[in-house]
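Encoded as structure tokens, the structure appears first; notes follow it.
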Amino acid sequence: MNNLFFEIDNSILDSAAKTELALAQEFSAINEITEYNQQKVLSAFIRNKVSESDFSVSTGYAYGDRGREKLDKIYAEVFGGEDALVRHSFTCGTHTLAVALCGVLRPGDVMMSVTGLPYDTIHGVIGIGGKCAGQGSLSDLGIKYVQVDLGKDGRPDLEEISKQVSALKPKMVYIQRSRGYSLRPSLSVDEIGEIVKTVKNIHNSIIMVDNCYGEFVEKTEPLDAGADLMAGSLIKNAGGGIARSGGYIAGRKDLVELCSYRMTTPGLGREVGATFGENRNMFMGIFNAPHVTGEALKTAAFAGAFFKGRGYEVTPAPGEKRHDIIQSIRLGSPEKLIAFCEGIQSGAPVDSFVTPEPWDMPGYDSKVIMAAGAFIMGASIELSADAPLREPYAVWMQGGLNYHSGKTAVMLAARSLLKKGLL
């Protein structure tokens, strides 16, 4: 590879070239999944007869917005659900998940997380540890939260799940597919299917999956494995780097309908909600999503293999099957963590001149550093790297609209570490 535009040390360039050669088989597998999912999405567009008129602007109540309704049908078909809600008005993944939780659960119900402690920003939604007390958390509403920790290997503890489901008969079993700020493995669709079978053999709990970062990474989705409901963000995989905001909820028709009443108001549900011309971006986003997810996976694979070659602990490891777009790299010190994020930021197309600094980010218990020079603020389908400043001082990297720019940013992260004598 030439070095015309960036001053990158030859040792980094040589390592990158060797890393890329070693990834040929892994890249081929990613391409095969990408093509399958791209055909699945294209087929859904064709069957649902998407037309220019579906991109029209609606305002006010927006009764009968055909594009909005058609987009719901496409998401439902692509993700294997009976129904879906796709709205630009979902402000983030956490908001989308909160709508789903509050839409389905009622006072006195039991919600059981079977993948350990959920992602930091969900703690306030649930009311874990009294967080956000008085703000309308699930705990405030009289919904009981219980948790089954992961096994020592970081995998779901099916035996303990069986015991707890038998004892408590939870209304909902909650699964977080991605790793969050932990070094545990993300869950495959097959593993989610094992949890579904384990639970359903004992009690007919609603199985809900936080599917953030997992869409289009495999050929199947959690609903295909028997989950009842799943939700995610449009500024992650499903929006394809084009949707400017939003989220989706998909699954059983009756559950999606309940969520629609929480999304707007009882009696109106999905029948209202102006799209203000956002339909075009959301249609383009889901169409583009399989390809962009594939590019993000290649970027993650490259980063993992490159830093593994430099002696760092990485998850997933090279050659390991991926079930989300996240690559964690255990850097081991705050200095290395900050240097890595500075390097990623320097390779961003937007705000490359900014120096990221740790700060008290809303919803998190530790200072967080985030490298994110994105066209859409906070879009983690675009290349970003973030981490709380706490042990084990690992960084979680995700996204990359195209592999070649993502690869360059990873090399710049290595350059940043090298310049400070930390690589």
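As shown in the structure tokens, the chain order sets the letters A, B, ...; within each chain, residues go from 1, and ligands are also counted from 1 in the order they appear.
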Write out as a ChimeraX atom specification all residues of segment 76-277 of chain A that backbone DSSP assigns to alpha helix (DSSP H).
-> /A:76-79,93-104,123-126,158-168,189-200,253-263
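Excluding Tyr364 of chain A itself and any same-chain residue fewer than 6 positions from it, the protein and nucleic acid residues within 9 Å of it, counting only C-alpha atoms, are Asp120, Thr121 and Pro388 of chain A.
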Filtering to N, CA and C atoms, could you give me those residues as a PDB file, in the first residue's frame?
ATOM      1  N   ASP A 120     -25.074   0.231  30.088  1.00  0.00           N
ATOM      2  CA  ASP A 120     -25.156   1.303  31.077  1.00  0.00           C
ATOM      3  C   ASP A 120     -26.400   2.181  30.957  1.00  0.00           C
ATOM      4  N   THR A 121     -26.755   2.591  29.735  1.00  0.00           N
ATOM      5  CA  THR A 121     -27.844   3.552  29.580  1.00  0.00           C
ATOM      6  C   THR A 121     -29.217   2.958  29.850  1.00  0.00           C
ATOM      7  N   PRO A 388     -15.201   3.514  28.752  1.00  0.00           N
ATOM      8  CA  PRO A 388     -15.140   4.147  30.063  1.00  0.00           C
ATOM      9  C   PRO A 388     -13.708   4.077  30.586  1.00  0.00           C
TER      10      PRO A 388
END
Can you work out which one of A:Leu234, A:Cys102, A:Leu97, A:Cys341 has the shortest atom-to-atom distance to Ala387 of chain A, counting only C-alpha atoms?
-> A:Cys341
Selection near Pro392 of chain A, 10 Å with only C-alpha atoms, sequence-local residues under 6 positions removed, as a count of residues only | 8
DSSP-assigned strand (DSSP E or B) members of segment 14-231 of chain A, reported as a CSV table (one decimal) with N, CA and C atoms, in the first residue's frame:
chain,number,residue,atom,x,y,z
A,83,ASP,N,-44.7,-8.0,12.4
A,83,ASP,CA,-45.0,-6.5,12.3
A,83,ASP,C,-43.8,-5.7,12.7
A,84,ALA,N,-43.8,-4.5,12.5
A,84,ALA,CA,-42.6,-3.6,12.9
A,84,ALA,C,-43.1,-2.2,13.0
A,85,LEU,N,-42.4,-1.4,13.8
A,85,LEU,CA,-42.5,0.0,13.9
A,85,LEU,C,-41.1,0.6,13.5
A,86,VAL,N,-41.1,1.5,12.6
A,86,VAL,CA,-39.8,2.2,12.2
A,86,VAL,C,-40.1,3.7,12.2
A,87,ARG,N,-39.4,4.4,13.0
A,87,ARG,CA,-39.7,5.8,13.1
A,87,ARG,C,-38.5,6.6,13.3
A,110,VAL,N,-42.6,-9.2,36.1
A,110,VAL,CA,-41.2,-9.5,36.4
A,110,VAL,C,-40.5,-9.5,35.1
A,111,MET,N,-39.4,-8.7,35.0
A,111,MET,CA,-38.5,-8.6,33.9
A,111,MET,C,-37.2,-9.3,34.3
A,112,MET,N,-36.8,-10.3,33.5
A,112,MET,CA,-35.6,-11.0,33.9
A,112,MET,C,-34.5,-10.9,32.8
A,113,SER,N,-33.4,-10.2,33.1
A,113,SER,CA,-32.3,-10.2,32.2
A,113,SER,C,-31.5,-11.5,32.3
A,144,LYS,N,-40.8,-5.5,38.6
A,144,LYS,CA,-39.6,-6.1,39.3
A,144,LYS,C,-38.6,-6.5,38.3
A,145,TYR,N,-37.3,-6.2,38.6
A,145,TYR,CA,-36.2,-6.6,37.8
A,145,TYR,C,-35.4,-7.6,38.5
A,146,VAL,N,-35.1,-8.7,37.8
A,146,VAL,CA,-34.2,-9.7,38.3
A,146,VAL,C,-33.1,-10.1,37.2
A,147,GLN,N,-32.0,-10.6,37.7
A,147,GLN,CA,-30.9,-10.8,36.7
A,147,GLN,C,-30.3,-12.2,36.9
A,172,MET,N,-41.3,-11.2,31.1
A,172,MET,CA,-40.4,-10.9,30.0
A,172,MET,C,-39.0,-11.5,30.4
A,173,VAL,N,-38.4,-12.1,29.4
A,173,VAL,CA,-36.9,-12.5,29.5
A,173,VAL,C,-36.2,-11.6,28.5
A,174,TYR,N,-35.2,-10.9,29.0
A,174,TYR,CA,-34.5,-9.8,28.2
A,174,TYR,C,-33.1,-10.3,27.9
A,175,ILE,N,-32.8,-10.2,26.6
A,175,ILE,CA,-31.5,-10.7,26.1
A,175,ILE,C,-30.8,-9.5,25.5
A,176,GLN,N,-29.5,-9.2,25.9
A,176,GLN,CA,-28.7,-8.2,25.2
A,176,GLN,C,-27.7,-9.0,24.3
A,206,ILE,N,-42.4,-13.6,27.4
A,206,ILE,CA,-42.0,-12.8,26.2
A,206,ILE,C,-40.5,-12.7,26.1
A,207,ILE,N,-39.9,-13.1,25.0
A,207,ILE,CA,-38.5,-13.0,24.8
A,207,ILE,C,-38.2,-11.8,24.0
A,208,MET,N,-37.5,-10.8,24.7
A,208,MET,CA,-37.2,-9.6,24.0
A,208,MET,C,-35.7,-9.5,23.9
A,209,VAL,N,-35.2,-9.0,22.7
A,209,VAL,CA,-33.8,-8.9,22.4
A,209,VAL,C,-33.4,-7.5,22.0
A,210,ASP,N,-32.4,-7.0,22.8
A,210,ASP,CA,-31.7,-5.8,22.3
A,210,ASP,C,-30.8,-6.2,21.2
A,229,LEU,N,-39.8,-10.3,20.3
A,229,LEU,CA,-39.7,-8.9,20.1
A,229,LEU,C,-38.2,-8.5,20.1
A,230,MET,N,-37.9,-7.6,19.2
A,230,MET,CA,-36.5,-7.1,19.2
A,230,MET,C,-36.5,-5.6,18.8
A,231,ALA,N,-35.5,-4.9,19.2
A,231,ALA,CA,-35.4,-3.5,18.9
A,231,ALA,C,-34.0,-3.1,18.6
Option closest in space to Lys18 of chain A, from A:Gly400, A:Pro349, A:Gly294, A:Gly309 [counting only C-alpha atoms] | A:Gly309
Within 10 Å of Thr115 of chain A, counting only C-alpha atoms, which residues qualify if same-chain residues fewer than 5 places away don't, as a PDB file with C-alpha atoms, in the first residue's frame?
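What ended up in around12.pdb:
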ATOM      1  CA  GLN A 147     -30.914 -10.809  36.728  1.00  0.00           C
ATOM      2  CA  VAL A 148     -29.209 -14.055  35.785  1.00  0.00           C
ATOM      3  CA  ASP A 149     -25.481 -13.521  35.469  1.00  0.00           C
ATOM      4  CA  LEU A 150     -23.484 -15.026  32.659  1.00  0.00           C
ATOM      5  CA  GLY A 151     -21.395 -18.134  33.306  1.00  0.00           C
ATOM      6  CA  GLY A 154     -19.172 -15.311  29.472  1.00  0.00           C
ATOM      7  CA  ARG A 155     -21.945 -17.402  27.944  1.00  0.00           C
ATOM      8  CA  PRO A 156     -25.579 -17.634  29.072  1.00  0.00           C
ATOM      9  CA  ASP A 157     -26.006 -19.961  32.055  1.00  0.00           C
ATOM     10  CA  ILE A 161     -31.894 -19.537  33.633  1.00  0.00           C
ATOM     11  CA  VAL A 173     -36.950 -12.480  29.489  1.00  0.00           C
ATOM     12  CA  TYR A 174     -34.526  -9.841  28.233  1.00  0.00           C
ATOM     13  CA  ILE A 175     -31.468 -10.659  26.118  1.00  0.00           C
ATOM     14  CA  GLN A 176     -28.716  -8.219  25.199  1.00  0.00           C
ATOM     15  CA  ARG A 177     -27.078  -9.542  22.075  1.00  0.00           C
ATOM     16  CA  SER A 178     -24.029  -7.297  22.036  1.00  0.00           C
ATOM     17  CA  ARG A 179     -21.294  -7.147  24.643  1.00  0.00           C
ATOM     18  CA  ARG A 184     -17.862 -11.144  27.172  1.00  0.00           C
ATOM     19  CA  SER A 186     -21.635 -11.266  21.800  1.00  0.00           C
ATOM     20  CA  LEU A 187     -24.436 -13.771  21.245  1.00  0.00           C
TER      21      LEU A 187
END
Using only C-alpha atoms, find the one residue out of A:Thr59, A:Thr299, A:Gln38, A:Thr315 that sits nearest to Lys407 of chain A.
-> A:Thr299
Shell of 12 Å around segment 264-267 of chain A, only C-alpha atoms, local chain residues under 6 positions omitted, as a VMD selection string = chain A and resid 61 85 87 89 to 90 99 103 257 to 258 273 to 274
Pull N, CA and C atoms from the residues just selected and write them as a PDB file, in the first residue's frame.
ATOM      1  N   TYR A  61     -50.997  15.231  11.537  1.00  0.00           N
ATOM      2  CA  TYR A  61     -51.310  13.900  12.039  1.00  0.00           C
ATOM      3  C   TYR A  61     -50.693  12.807  11.175  1.00  0.00           C
ATOM      4  N   LEU A  85     -42.365  -1.414  13.788  1.00  0.00           N
ATOM      5  CA  LEU A  85     -42.496   0.044  13.867  1.00  0.00           C
ATOM      6  C   LEU A  85     -41.137   0.630  13.545  1.00  0.00           C
ATOM      7  N   ARG A  87     -39.429   4.404  13.034  1.00  0.00           N
ATOM      8  CA  ARG A  87     -39.741   5.832  13.141  1.00  0.00           C
ATOM      9  C   ARG A  87     -38.460   6.644  13.339  1.00  0.00           C
ATOM     10  N   SER A  89     -38.540   9.351  14.812  1.00  0.00           N
ATOM     11  CA  SER A  89     -38.754  10.048  16.081  1.00  0.00           C
ATOM     12  C   SER A  89     -38.231   9.289  17.293  1.00  0.00           C
ATOM     13  N   PHE A  90     -37.832   8.025  17.124  1.00  0.00           N
ATOM     14  CA  PHE A  90     -37.089   7.358  18.188  1.00  0.00           C
ATOM     15  C   PHE A  90     -35.723   8.029  18.258  1.00  0.00           C
ATOM     16  N   VAL A  99     -39.272   2.294  24.951  1.00  0.00           N
ATOM     17  CA  VAL A  99     -40.645   2.245  24.436  1.00  0.00           C
ATOM     18  C   VAL A  99     -41.142   0.799  24.398  1.00  0.00           C
ATOM     19  N   GLY A 103     -43.975  -0.482  26.761  1.00  0.00           N
ATOM     20  CA  GLY A 103     -45.162  -0.845  26.000  1.00  0.00           C
ATOM     21  C   GLY A 103     -45.731  -2.201  26.381  1.00  0.00           C
ATOM     22  N   GLU A 257     -48.057  -3.793  18.456  1.00  0.00           N
ATOM     23  CA  GLU A 257     -49.210  -2.898  18.625  1.00  0.00           C
ATOM     24  C   GLU A 257     -49.189  -2.226  19.998  1.00  0.00           C
ATOM     25  N   LEU A 258     -48.878  -3.003  21.052  1.00  0.00           N
ATOM     26  CA  LEU A 258     -48.771  -2.419  22.388  1.00  0.00           C
ATOM     27  C   LEU A 258     -47.673  -1.355  22.439  1.00  0.00           C
ATOM     28  N   GLY A 273     -48.118  10.294  13.182  1.00  0.00           N
ATOM     29  CA  GLY A 273     -46.669  10.476  13.202  1.00  0.00           C
ATOM     30  C   GLY A 273     -46.151  10.928  11.858  1.00  0.00           C
ATOM     31  N   ALA A 274     -45.992  12.246  11.706  1.00  0.00           N
ATOM     32  CA  ALA A 274     -45.513  12.797  10.439  1.00  0.00           C
ATOM     33  C   ALA A 274     -44.069  12.372  10.182  1.00  0.00           C
TER      34      ALA A 274
END
Residues near Lys131 of chain A, cut-off 12 Å, only C-alpha atoms, skip fewer than 5 positions along chain, as number ranges by chain = A: 120-126, 136-140, 363-365
Point out the residue among A:Ala29, A:Ala305, A:Ala409, A:Ala62 with the least atom-to-atom distance to Glu218 of chain A, counting only C-alpha atoms.
->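 When distances to Glu218 of chain A are compared using only C-alpha atoms, the smallest one comes from A:Ala29.
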Which neighbours of segment 22-25 of chain A fall inside 12 Å, counting only C-alpha atoms, when residues of the same chain fewer than 2 positions from it are skipped, and could you give them as a ChimeraX atom specification?
-> /A:15-20,27-32,297-306,309,317-321
Counting only C-alpha atoms, which of A:Ile344, A:Glu194, A:His203, A:Val41 gets nearest to Gln164 of chain A?
->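 With only C-alpha atoms as the atom set, the closest residue is A:His203.
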